[in-house]
$ cat entry13.cif   # mmCIF, C-alpha atoms, pLDDT in the B column; chains and numbers go by the auth columns
data_input
#
loop_
_atom_site.group_PDB
_atom_site.id
_atom_site.type_symbol
_atom_site.label_atom_id
_atom_site.label_comp_id
_atom_site.label_asym_id
_atom_site.label_seq_id
_atom_site.Cartn_x
_atom_site.Cartn_y
_atom_site.Cartn_z
_atom_site.B_iso_or_equiv
_atom_site.auth_seq_id
_atom_site.auth_asym_id
ATOM 1 C CA MET A 1 -16.714 -11.319 32.650 42.00 231 A
ATOM 2 C CA GLU A 2 -15.783 -7.670 32.148 52.00 232 A
ATOM 3 C CA ASN A 3 -12.338 -8.820 31.053 57.00 233 A
ATOM 4 C CA ALA A 4 -13.903 -10.985 28.354 62.00 234 A
ATOM 5 C CA SER A 5 -15.772 -7.948 27.051 63.00 235 A
ATOM 6 C CA TYR A 6 -12.621 -5.837 27.021 64.00 236 A
ATOM 7 C CA VAL A 7 -10.707 -8.530 25.142 67.00 237 A
ATOM 8 C CA GLY A 8 -13.568 -8.872 22.670 69.00 238 A
ATOM 9 C CA LEU A 9 -13.714 -5.115 22.118 73.00 239 A
ATOM 10 C CA SER A 10 -9.962 -4.936 21.490 72.00 240 A
ATOM 11 C CA TYR A 11 -10.358 -7.690 18.914 75.00 241 A
ATOM 12 C CA GLN A 12 -13.222 -5.853 17.229 78.00 242 A
ATOM 13 C CA VAL A 13 -11.137 -2.682 16.989 80.00 243 A
ATOM 14 C CA ALA A 14 -8.338 -4.686 15.355 81.00 244 A
ATOM 15 C CA LEU A 15 -10.808 -6.322 12.964 85.00 245 A
ATOM 16 C CA ALA A 16 -12.269 -2.941 12.015 86.00 246 A
ATOM 17 C CA ARG A 17 -8.790 -1.689 11.185 87.00 247 A
ATOM 18 C CA GLN A 18 -8.130 -4.842 9.179 88.00 248 A
ATOM 19 C CA MET A 19 -11.364 -4.282 7.272 92.00 249 A
ATOM 20 C CA ASP A 20 -10.193 -0.753 6.393 92.00 250 A
ATOM 21 C CA VAL A 21 -6.976 -2.162 4.918 92.00 251 A
ATOM 22 C CA VAL A 22 -8.817 -4.835 2.923 94.00 252 A
ATOM 23 C CA SER A 23 -11.338 -2.278 1.652 95.00 253 A
ATOM 24 C CA ASN A 24 -8.482 -0.046 0.499 94.00 254 A
ATOM 25 C CA ASN A 25 -6.887 -2.983 -1.322 95.00 255 A
ATOM 26 C CA ILE A 26 -10.137 -3.725 -3.142 96.00 256 A
ATOM 27 C CA ALA A 27 -10.611 -0.047 -4.012 94.00 257 A
ATOM 28 C CA ASN A 28 -7.183 -0.113 -5.696 94.00 258 A
ATOM 29 C CA LEU A 29 -7.625 -3.291 -7.736 94.00 259 A
ATOM 30 C CA ASN A 30 -7.182 -1.257 -10.926 92.00 260 A
ATOM 31 C CA THR A 31 -4.612 1.267 -9.670 93.00 261 A
ATOM 32 C CA ALA A 32 -1.353 1.105 -11.608 94.00 262 A
ATOM 33 C CA GLY A 33 1.636 0.029 -9.534 93.00 263 A
ATOM 34 C CA PHE A 34 -0.410 -0.391 -6.339 94.00 264 A
ATOM 35 C CA ARG A 35 0.988 -2.742 -3.694 94.00 265 A
ATOM 36 C CA GLY A 36 -1.462 -4.608 -1.462 94.00 266 A
ATOM 37 C CA GLU A 37 -1.192 -4.292 2.311 93.00 267 A
ATOM 38 C CA ARG A 38 -1.725 -6.496 5.347 89.00 268 A
ATOM 39 C CA GLU A 39 -2.205 -5.784 9.040 85.00 269 A
ATOM 40 C CA ILE A 40 0.423 -6.772 11.611 79.00 270 A
ATOM 41 C CA PHE A 41 -1.022 -7.787 14.982 69.00 271 A
ATOM 42 C CA GLU A 42 0.669 -8.308 18.330 65.00 272 A
ATOM 43 C CA GLU A 43 -0.342 -9.616 21.728 62.00 273 A
ATOM 44 C CA VAL A 44 -0.553 -7.092 24.564 60.00 274 A
ATOM 45 C CA LEU A 45 -0.585 -8.447 28.120 55.00 275 A
ATOM 46 C CA GLU A 46 -2.193 -6.488 30.929 57.00 276 A
ATOM 47 C CA LYS A 47 -2.461 -7.366 34.614 58.00 277 A
ATOM 48 C CA ALA A 48 -5.958 -8.067 35.939 55.00 278 A
ATOM 49 C CA THR A 49 -7.173 -7.307 39.431 55.00 279 A
ATOM 50 C CA ASN A 50 -6.722 -10.968 40.390 54.00 280 A
ATOM 51 C CA GLY A 51 -3.050 -10.872 39.440 56.00 281 A
ATOM 52 C CA ARG A 52 -3.472 -12.836 36.230 62.00 282 A
ATOM 53 C CA LYS A 53 -2.474 -11.455 32.871 62.00 283 A
ATOM 54 C CA ILE A 54 -5.083 -10.701 30.214 61.00 284 A
ATOM 55 C CA SER A 55 -4.173 -11.077 26.554 62.00 285 A
ATOM 56 C CA PHE A 56 -5.383 -8.289 24.261 60.00 286 A
ATOM 57 C CA VAL A 57 -4.870 -7.994 20.502 66.00 287 A
ATOM 58 C CA GLN A 58 -3.522 -4.805 18.945 67.00 288 A
ATOM 59 C CA ASP A 59 -2.704 -3.829 15.387 69.00 289 A
ATOM 60 C CA ARG A 60 0.947 -2.806 15.395 69.00 290 A
ATOM 61 C CA GLY A 61 1.333 -1.663 11.817 79.00 291 A
ATOM 62 C CA ILE A 62 0.979 -2.468 8.142 86.00 292 A
ATOM 63 C CA TRP A 63 3.046 -4.800 5.992 89.00 293 A
ATOM 64 C CA ARG A 64 3.248 -4.066 2.263 93.00 294 A
ATOM 65 C CA ASP A 65 3.304 -6.817 -0.345 94.00 295 A
ATOM 66 C CA THR A 66 6.233 -5.805 -2.564 93.00 296 A
ATOM 67 C CA ARG A 67 5.666 -8.426 -5.245 94.00 297 A
ATOM 68 C CA GLU A 68 5.306 -7.036 -8.745 95.00 298 A
ATOM 69 C CA GLY A 69 1.882 -6.642 -10.294 95.00 299 A
ATOM 70 C CA PRO A 70 0.954 -7.966 -13.741 96.00 300 A
ATOM 71 C CA ILE A 71 2.336 -6.019 -16.688 96.00 301 A
ATOM 72 C CA THR A 72 -0.211 -5.053 -19.343 96.00 302 A
ATOM 73 C CA HIS A 73 0.704 -3.919 -22.845 97.00 303 A
ATOM 74 C CA THR A 74 -0.928 -0.588 -23.798 96.00 304 A
ATOM 75 C CA GLY A 75 1.062 0.422 -26.859 95.00 305 A
ATOM 76 C CA ARG A 76 1.256 4.034 -25.673 96.00 306 A
ATOM 77 C CA THR A 77 4.678 5.617 -26.192 95.00 307 A
ATOM 78 C CA TYR A 78 5.113 7.084 -22.726 96.00 308 A
ATOM 79 C CA ASP A 79 3.652 4.216 -20.719 97.00 309 A
ATOM 80 C CA VAL A 80 6.500 2.372 -19.010 97.00 310 A
ATOM 81 C CA ALA A 81 6.534 -0.546 -16.587 97.00 311 A
ATOM 82 C CA LEU A 82 9.319 -1.672 -14.282 97.00 312 A
ATOM 83 C CA ASN A 83 10.399 -5.275 -14.084 96.00 313 A
ATOM 84 C CA GLY A 84 12.508 -5.613 -10.949 94.00 314 A
ATOM 85 C CA ASN A 85 13.103 -3.818 -7.662 94.00 315 A
ATOM 86 C CA ALA A 86 13.120 -0.129 -8.587 97.00 316 A
ATOM 87 C CA TYR A 87 11.150 3.107 -8.459 97.00 317 A
ATOM 88 C CA PHE A 88 10.892 6.125 -10.733 98.00 318 A
ATOM 89 C CA VAL A 89 11.866 9.465 -9.171 97.00 319 A
ATOM 90 C CA VAL A 90 9.480 12.401 -9.585 97.00 320 A
ATOM 91 C CA ASP A 91 9.617 16.014 -8.469 97.00 321 A
ATOM 92 C CA THR A 92 6.578 17.271 -6.532 96.00 322 A
ATOM 93 C CA PRO A 93 5.815 20.538 -4.673 94.00 323 A
ATOM 94 C CA GLU A 94 6.670 18.636 -1.471 94.00 324 A
ATOM 95 C CA GLY A 95 10.009 17.372 -2.803 94.00 325 A
ATOM 96 C CA GLN A 96 11.166 14.193 -4.496 96.00 326 A
ATOM 97 C CA ARG A 97 8.848 11.197 -4.354 97.00 327 A
ATOM 98 C CA TYR A 98 9.020 7.661 -5.719 98.00 328 A
ATOM 99 C CA THR A 99 6.533 5.652 -7.762 97.00 329 A
ATOM 100 C CA ARG A 100 6.038 2.552 -9.881 96.00 330 A
ATOM 101 C CA ASP A 101 3.091 4.059 -11.722 96.00 331 A
ATOM 102 C CA GLY A 102 4.546 4.556 -15.187 96.00 332 A
ATOM 103 C CA ARG A 103 1.528 6.120 -16.917 96.00 333 A
ATOM 104 C CA PHE A 104 3.544 9.100 -18.115 96.00 334 A
ATOM 105 C CA GLN A 105 2.594 11.806 -20.593 95.00 335 A
ATOM 106 C CA LEU A 106 3.965 15.041 -22.003 94.00 336 A
ATOM 107 C CA GLY A 107 3.333 18.332 -20.226 93.00 337 A
ATOM 108 C CA GLN A 108 2.785 21.690 -21.915 90.00 338 A
ATOM 109 C CA GLN A 109 6.518 22.387 -22.019 90.00 339 A
ATOM 110 C CA GLY A 110 7.343 18.934 -23.371 92.00 340 A
ATOM 111 C CA GLN A 111 8.474 17.572 -20.015 95.00 341 A
ATOM 112 C CA LEU A 112 7.569 14.032 -19.069 96.00 342 A
ATOM 113 C CA ILE A 113 5.030 14.080 -16.220 96.00 343 A
ATOM 114 C CA THR A 114 2.961 11.647 -14.172 96.00 344 A
ATOM 115 C CA ALA A 115 -0.806 11.263 -14.451 91.00 345 A
ATOM 116 C CA THR A 116 -1.137 13.864 -11.655 92.00 346 A
ATOM 117 C CA GLY A 117 1.280 16.373 -13.230 94.00 347 A
ATOM 118 C CA ASP A 118 4.503 15.721 -11.306 96.00 348 A
ATOM 119 C CA THR A 119 7.750 15.962 -13.283 97.00 349 A
ATOM 120 C CA VAL A 120 9.667 12.756 -13.980 97.00 350 A
ATOM 121 C CA LEU A 121 13.404 13.109 -13.294 97.00 351 A
ATOM 122 C CA ASP A 122 16.374 11.723 -15.167 96.00 352 A
ATOM 123 C CA ALA A 123 19.588 10.288 -13.748 94.00 353 A
ATOM 124 C CA ARG A 124 20.948 13.827 -13.245 94.00 354 A
ATOM 125 C CA ASN A 125 17.854 15.046 -11.348 95.00 355 A
ATOM 126 C CA ASN A 126 16.669 17.036 -14.360 96.00 356 A
ATOM 127 C CA PRO A 127 13.284 16.855 -16.113 96.00 357 A
ATOM 128 C CA ILE A 128 13.067 14.656 -19.193 96.00 358 A
ATOM 129 C CA VAL A 129 12.044 17.029 -21.982 94.00 359 A
ATOM 130 C CA VAL A 130 10.876 15.907 -25.409 92.00 360 A
ATOM 131 C CA ASP A 131 10.921 18.352 -28.341 87.00 361 A
ATOM 132 C CA GLY A 132 8.313 18.194 -31.079 78.00 362 A
ATOM 133 C CA ALA A 133 11.099 17.849 -33.649 79.00 363 A
ATOM 134 C CA ASP A 134 12.570 14.767 -31.969 82.00 364 A
ATOM 135 C CA GLY A 135 10.450 12.387 -34.018 86.00 365 A
ATOM 136 C CA GLU A 136 9.683 8.859 -32.836 91.00 366 A
ATOM 137 C CA ILE A 137 10.515 8.223 -29.169 94.00 367 A
ATOM 138 C CA THR A 138 11.867 4.884 -28.015 95.00 368 A
ATOM 139 C CA ILE A 139 12.659 3.835 -24.469 96.00 369 A
ATOM 140 C CA GLY A 140 15.304 1.194 -23.908 96.00 370 A
ATOM 141 C CA GLN A 141 15.214 -1.523 -21.259 96.00 371 A
ATOM 142 C CA ASP A 142 17.928 0.371 -19.360 95.00 372 A
ATOM 143 C CA GLY A 143 15.620 3.401 -19.099 95.00 373 A
ATOM 144 C CA THR A 144 17.291 5.432 -21.840 96.00 374 A
ATOM 145 C CA VAL A 145 14.901 7.752 -23.696 96.00 375 A
ATOM 146 C CA ASN A 146 15.934 8.129 -27.343 94.00 376 A
ATOM 147 C CA SER A 147 14.651 10.083 -30.320 91.00 377 A
ATOM 148 C CA GLN A 148 15.528 9.974 -33.989 88.00 378 A
ATOM 149 C CA LEU A 149 18.026 12.754 -33.258 86.00 379 A
ATOM 150 C CA GLY A 150 19.776 10.962 -30.419 90.00 380 A
ATOM 151 C CA GLN A 151 19.536 10.330 -26.682 92.00 381 A
ATOM 152 C CA ILE A 152 17.250 12.632 -24.686 94.00 382 A
ATOM 153 C CA GLY A 153 17.873 11.323 -21.206 94.00 383 A
ATOM 154 C CA ARG A 154 17.617 8.330 -18.934 96.00 384 A
ATOM 155 C CA PHE A 155 15.100 7.580 -16.196 97.00 385 A
ATOM 156 C CA GLN A 156 16.440 7.831 -12.687 97.00 386 A
ATOM 157 C CA LEU A 157 15.738 4.414 -11.191 98.00 387 A
ATOM 158 C CA VAL A 158 16.348 3.864 -7.489 97.00 388 A
ATOM 159 C CA ARG A 159 15.840 1.225 -4.827 96.00 389 A
ATOM 160 C CA PHE A 160 15.807 1.202 -1.019 96.00 390 A
ATOM 161 C CA ALA A 161 17.232 -1.078 1.636 94.00 391 A
ATOM 162 C CA ASN A 162 13.839 -1.580 3.306 94.00 392 A
ATOM 163 C CA GLU A 163 10.725 -1.022 1.216 94.00 393 A
ATOM 164 C CA GLN A 164 8.534 -1.567 4.289 93.00 394 A
ATOM 165 C CA GLN A 165 9.773 1.744 5.691 92.00 395 A
ATOM 166 C CA MET A 166 8.481 3.650 2.674 94.00 396 A
ATOM 167 C CA GLN A 167 5.349 5.650 3.418 94.00 397 A
ATOM 168 C CA LYS A 168 2.477 6.332 1.057 92.00 398 A
ATOM 169 C CA ALA A 169 2.242 9.970 -0.048 93.00 399 A
ATOM 170 C CA GLY A 170 -0.940 9.714 -2.138 90.00 400 A
ATOM 171 C CA ASP A 171 -1.483 9.350 -5.893 91.00 401 A
ATOM 172 C CA GLY A 172 0.712 6.256 -6.065 93.00 402 A
ATOM 173 C CA LEU A 173 3.714 8.098 -4.607 96.00 403 A
ATOM 174 C CA TYR A 174 5.992 7.081 -1.739 97.00 404 A
ATOM 175 C CA THR A 175 8.330 8.963 0.537 96.00 405 A
ATOM 176 C CA THR A 176 11.091 7.749 2.845 96.00 406 A
ATOM 177 C CA ASN A 177 14.022 9.010 4.909 94.00 407 A
ATOM 178 C CA GLN A 178 16.195 6.205 3.592 95.00 408 A
ATOM 179 C CA PRO A 179 18.955 7.118 1.149 95.00 409 A
ATOM 180 C CA ALA A 180 18.078 6.195 -2.420 95.00 410 A
ATOM 181 C CA GLN A 181 20.421 3.688 -4.055 95.00 411 A
ATOM 182 C CA PRO A 182 20.851 3.103 -7.807 95.00 412 A
ATOM 183 C CA ALA A 183 18.702 0.248 -9.065 95.00 413 A
ATOM 184 C CA ASN A 184 20.414 -2.997 -9.934 92.00 414 A
ATOM 185 C CA ASP A 185 21.433 -3.679 -13.523 90.00 415 A
ATOM 186 C CA ASP A 186 18.863 -6.471 -13.824 93.00 416 A
ATOM 187 C CA VAL A 187 15.941 -3.997 -13.629 96.00 417 A
ATOM 188 C CA ARG A 188 14.203 -3.650 -17.003 97.00 418 A
ATOM 189 C CA VAL A 189 12.089 -0.782 -18.303 97.00 419 A
ATOM 190 C CA ILE A 190 9.305 -1.925 -20.626 97.00 420 A
ATOM 191 C CA GLN A 191 7.934 0.688 -23.029 97.00 421 A
ATOM 192 C CA GLY A 192 4.277 0.680 -24.005 97.00 422 A
ATOM 193 C CA SER A 193 3.234 -1.201 -20.873 97.00 423 A
ATOM 194 C CA VAL A 194 1.915 -0.512 -17.373 97.00 424 A
ATOM 195 C CA GLU A 195 2.321 -2.474 -14.163 97.00 425 A
ATOM 196 C CA GLY A 196 -1.033 -3.202 -12.578 96.00 426 A
ATOM 197 C CA SER A 197 -2.003 -3.653 -8.958 96.00 427 A
ATOM 198 C CA ASN A 198 -0.705 -6.828 -7.300 95.00 428 A
ATOM 199 C CA VAL A 199 -3.960 -7.145 -5.321 95.00 429 A
ATOM 200 C CA GLN A 200 -5.902 -10.363 -5.975 94.00 430 A
ATOM 201 C CA GLY A 201 -9.581 -9.481 -5.899 93.00 431 A
ATOM 202 C CA VAL A 202 -10.904 -12.959 -5.033 94.00 432 A
ATOM 203 C CA VAL A 203 -8.474 -13.252 -2.119 93.00 433 A
ATOM 204 C CA GLU A 204 -9.408 -9.839 -0.740 94.00 434 A
ATOM 205 C CA VAL A 205 -13.160 -10.469 -0.981 94.00 435 A
ATOM 206 C CA THR A 206 -12.663 -13.793 0.834 94.00 436 A
ATOM 207 C CA ARG A 207 -10.696 -12.005 3.558 92.00 437 A
ATOM 208 C CA MET A 208 -13.436 -9.388 3.867 92.00 438 A
ATOM 209 C CA MET A 209 -16.077 -12.078 4.386 94.00 439 A
ATOM 210 C CA ASP A 210 -13.899 -13.830 6.978 92.00 440 A
ATOM 211 C CA ILE A 211 -13.320 -10.581 8.885 89.00 441 A
ATOM 212 C CA SER A 212 -17.056 -9.861 8.861 89.00 442 A
ATOM 213 C CA ARG A 213 -17.858 -13.326 10.275 89.00 443 A
ATOM 214 C CA ARG A 214 -15.249 -12.978 13.014 84.00 444 A
ATOM 215 C CA TYR A 215 -16.542 -9.533 13.933 79.00 445 A
ATOM 216 C CA GLN A 216 -20.107 -10.829 14.229 85.00 446 A
ATOM 217 C CA SER A 217 -18.952 -13.851 16.219 80.00 447 A
ATOM 218 C CA THR A 218 -17.094 -11.597 18.654 77.00 448 A
ATOM 219 C CA ALA A 219 -20.137 -9.353 18.976 74.00 449 A
ATOM 220 C CA ARG A 220 -22.254 -12.397 19.934 76.00 450 A
ATOM 221 C CA MET A 221 -19.630 -13.440 22.485 73.00 451 A
ATOM 222 C CA ILE A 222 -19.652 -9.968 24.062 71.00 452 A
ATOM 223 C CA GLU A 223 -23.454 -9.966 24.150 71.00 453 A
ATOM 224 C CA SER A 224 -23.469 -13.408 25.803 65.00 454 A
ATOM 225 C CA SER A 225 -20.979 -12.146 28.381 66.00 455 A
ATOM 226 C CA HIS A 226 -23.210 -9.166 29.130 58.00 456 A
ATOM 227 C CA ASP A 227 -26.284 -11.406 29.460 62.00 457 A
ATOM 228 C CA LEU A 228 -24.423 -13.687 31.856 63.00 458 A
ATOM 229 C CA MET A 229 -23.325 -10.719 33.948 62.00 459 A
ATOM 230 C CA ARG A 230 -26.863 -9.325 33.987 66.00 460 A
ATOM 231 C CA ARG A 231 -28.350 -12.655 35.126 61.00 461 A
ATOM 232 C CA SER A 232 -25.661 -12.996 37.811 60.00 462 A
ATOM 233 C CA ILE A 233 -26.459 -9.550 39.179 58.00 463 A
ATOM 234 C CA GLU A 234 -30.203 -10.327 39.197 60.00 464 A
ATOM 235 C CA ARG A 235 -29.632 -13.566 41.114 64.00 465 A
ATOM 236 C CA LEU A 236 -27.357 -11.876 43.631 60.00 466 A
ATOM 237 C CA GLY A 237 -30.028 -9.210 44.137 58.00 467 A
ATOM 238 C CA LYS A 238 -32.639 -11.882 44.849 57.00 468 A
ATOM 239 C CA VAL A 239 -30.353 -13.658 47.330 57.00 469 A
ATOM 240 C CA ALA A 240 -29.551 -10.405 49.121 56.00 470 A
ATOM 241 C CA SER A 241 -33.255 -9.503 49.461 57.00 471 A
ATOM 242 C CA ALA A 242 -34.295 -12.962 50.681 54.00 472 A
#
$ encode --input "entry13.cif" --output "structure tokens"
Amino acid sequence: MENASYVGLSYQVALARQMDVVSNNIANLNTAGFRGEREIFEEVLEKATNGRKISFVQDRGIWRDTREGPITHTGRTYDVALNGNAYFVVDTPEGQRYTRDGRFQLGQQGQLITATGDTVLDARNNPIVVDGADGEITIGQDGTVNSQLGQIGRFQLVRFANEQQMQKAGDGLYTTNQPAQPANDDVRVIQGSVEGSNVQGVVEVTRMMDISRRYQSTARMIESSHDLMRRSIERLGKVASA
């Protein structure tokens, strides 16, 4: 009976972690470029005192949904969305980071920056700087930034062998120890648009309700196990005193 409680508790811990992931997905329904996440569970076998093996559940990690989010037209000059497997490269105080959040703007020195102030890098690892005299800015599907006076630069677009190994660094940024590779030629940059979150709100709310029901069901099972143990101990006490 104690084993049943331990198994139930391990399941509740896993469900609580799963609820955290779902809650984070819902909180980022409107976050540009956000990728939804899922829990990965595994079975852990432990030996019991009677020699049998007990099956526990444990959350092993997180799997990221790398499907693209919907692209919304904004009409803003420096908003850019990526269509295809690629990331923008930005320079931060902690080093280079990668993002799909293309809500860019101009900094005080004319450099292209992210919504949080990090500098967007071009194909040569230099900032993309726009001068006030450049006139109308257009961004080609290949990531080339052009003005009426000529080409200003080109976005550095990269990809990675395993996106699941990329780690979140906050503010829509990712970091990884993998070497960055040039993005494929089929990647398109779309000016005046932003990629939204790929999280489906209805699906996540349904998952949250299901997790809540399973948690409550497990809690009732643990309580029933405790009641059974308590009654067994009371009966044994009566037999011993008879």
$ resolve_selection --input "entry13.cif" --expression "the PyMOL selection byres ((chain A and resi 393) around 10)" --output "count of residues only"
16
$ atom_distance --input "entry13.cif" --atom1 "atom CA of A:Gly263" --atom2 "atom CA of A:Ile301"
9.4 Å
$ closest_residue --input "entry13.cif" --among "A:Gly426, A:Gly347, A:Gly373, A:Gly340" --to "A:Asp361" --atoms "all atoms listed in the file"
A:Gly340
$ closest_residue --input "entry13.cif" --among "A:Thr346, A:Asn255, A:Gln335, A:Gln371" --to "A:Leu403" --atoms "all atoms listed in the file"
A:Thr346
$ residues_around --input "entry13.cif" --residues "A:Gln242" --least-positions-apart "2" --cutoff "8 Å" --atoms "all atoms listed in the file" --output "ChimeraX atom specification"
/A:238-240,244-246,445,448-449
$ closest_residue --input "entry13.cif" --among "A:Phe385, A:Thr405, A:Ala399, A:Val375" --to "A:Arg354" --atoms "only C-alpha atoms"
A:Phe385
$ closest_residue --input "entry13.cif" --among "A:Thr307, A:Gln411, A:Asn428, A:Pro323" --to "A:Gly365" --atoms "only C-alpha atoms"
A:Thr307
$ closest_residue --input "entry13.cif" --among "A:Thr304, A:Arg443, A:Val360, A:Ala353" --to "A:Gln339" --atoms "only C-alpha atoms"
A:Val360
$ closest_residue --input "entry13.cif" --among "A:Gly370, A:Gly402, A:Gly291, A:Pro300" --to "A:Gly383" --atoms "all atoms listed in the file"
A:Gly370
$ resolve_selection --input "entry13.cif" --expression "the PyMOL selection byres ((chain A and resi 299) around 12)" --output "ChimeraX atom specification"
/A:259-266,295-298,300-302,311-315,330-331,423-430
$ residues_near_point --input "entry13.cif" --point "(14.4, 16.3, -18.6)" --cutoff "9 Å" --atoms "only C-alpha atoms" --output "VMD selection string"
chain A and resid 340 to 342 349 to 352 354 to 360 382 to 384
$ axis_aligned_box --input "entry13.cif" --around "stretch 357-361 of chain A" --padding-each-side "6 Å" --output "AutoDock Vina command-line options"
--center_x 12.1 --center_y 16.5 --center_z -22.2 --size_x 14.4 --size_y 15.7 --size_z 24.2
$ atom_distance --input "entry13.cif" --atom1 "atom CA of A:Thr374" --atom2 "atom CA of A:Val310"
11.6 Å
$ residues_around --input "entry13.cif" --residues "A:Leu387" --least-positions-apart "5" --cutoff "6 Å" --atoms "all atoms listed in the file" --output "PyMOL selection string"
chain A and resi 316-318+413
$ atom_distance --input "entry13.cif" --atom1 "atom CA of A:Ser253" --atom2 "atom CA of A:Arg437"
9.9 Å
$ decode --input "entry13.cif" --residues "stretch 248-264 of chain A" --atoms "N, CA and C atoms" --output "short mmCIF file (atom, residue, chain, number, x, y, z; two decimals), in the first residue's frame"
data_model
loop_
_atom_site.label_atom_id
_atom_site.label_comp_id
_atom_site.auth_asym_id
_atom_site.auth_seq_id
_atom_site.Cartn_x
_atom_site.Cartn_y
_atom_site.Cartn_z
N GLN A 248 4.17 19.00 -15.71
CA GLN A 248 3.47 19.13 -16.98
C GLN A 248 2.55 20.34 -16.97
N MET A 249 1.91 20.60 -15.85
CA MET A 249 1.05 21.77 -15.72
C MET A 249 1.85 23.06 -15.87
N ASP A 250 3.07 23.08 -15.34
CA ASP A 250 3.93 24.26 -15.48
C ASP A 250 4.23 24.54 -16.95
N VAL A 251 4.50 23.47 -17.71
CA VAL A 251 4.81 23.63 -19.13
C VAL A 251 3.59 24.14 -19.90
N VAL A 252 2.43 23.57 -19.61
CA VAL A 252 1.20 23.99 -20.28
C VAL A 252 0.88 25.44 -19.93
N SER A 253 1.03 25.80 -18.67
CA SER A 253 0.77 27.17 -18.24
C SER A 253 1.69 28.15 -18.96
N ASN A 254 2.94 27.76 -19.14
CA ASN A 254 3.89 28.62 -19.85
C ASN A 254 3.50 28.77 -21.32
N ASN A 255 3.01 27.68 -21.92
CA ASN A 255 2.54 27.76 -23.30
C ASN A 255 1.39 28.75 -23.43
N ILE A 256 0.43 28.65 -22.51
CA ILE A 256 -0.73 29.54 -22.56
C ILE A 256 -0.31 30.99 -22.33
N ALA A 257 0.65 31.20 -21.43
CA ALA A 257 1.11 32.56 -21.15
C ALA A 257 1.79 33.18 -22.37
N ASN A 258 2.26 32.34 -23.30
CA ASN A 258 2.97 32.85 -24.47
C ASN A 258 2.16 32.69 -25.76
N LEU A 259 0.84 32.66 -25.62
CA LEU A 259 -0.02 32.55 -26.80
C LEU A 259 0.22 33.70 -27.78
N ASN A 260 0.54 34.87 -27.27
CA ASN A 260 0.71 36.05 -28.12
C ASN A 260 2.16 36.50 -28.23
N THR A 261 3.10 35.62 -27.89
CA THR A 261 4.52 35.96 -27.97
C THR A 261 5.06 35.63 -29.35
N ALA A 262 5.61 36.62 -30.02
CA ALA A 262 6.11 36.43 -31.38
C ALA A 262 7.20 35.37 -31.43
N GLY A 263 7.06 34.44 -32.38
CA GLY A 263 8.08 33.42 -32.60
C GLY A 263 8.16 32.34 -31.54
N PHE A 264 7.23 32.32 -30.58
CA PHE A 264 7.30 31.33 -29.50
C PHE A 264 6.98 29.95 -30.02
#
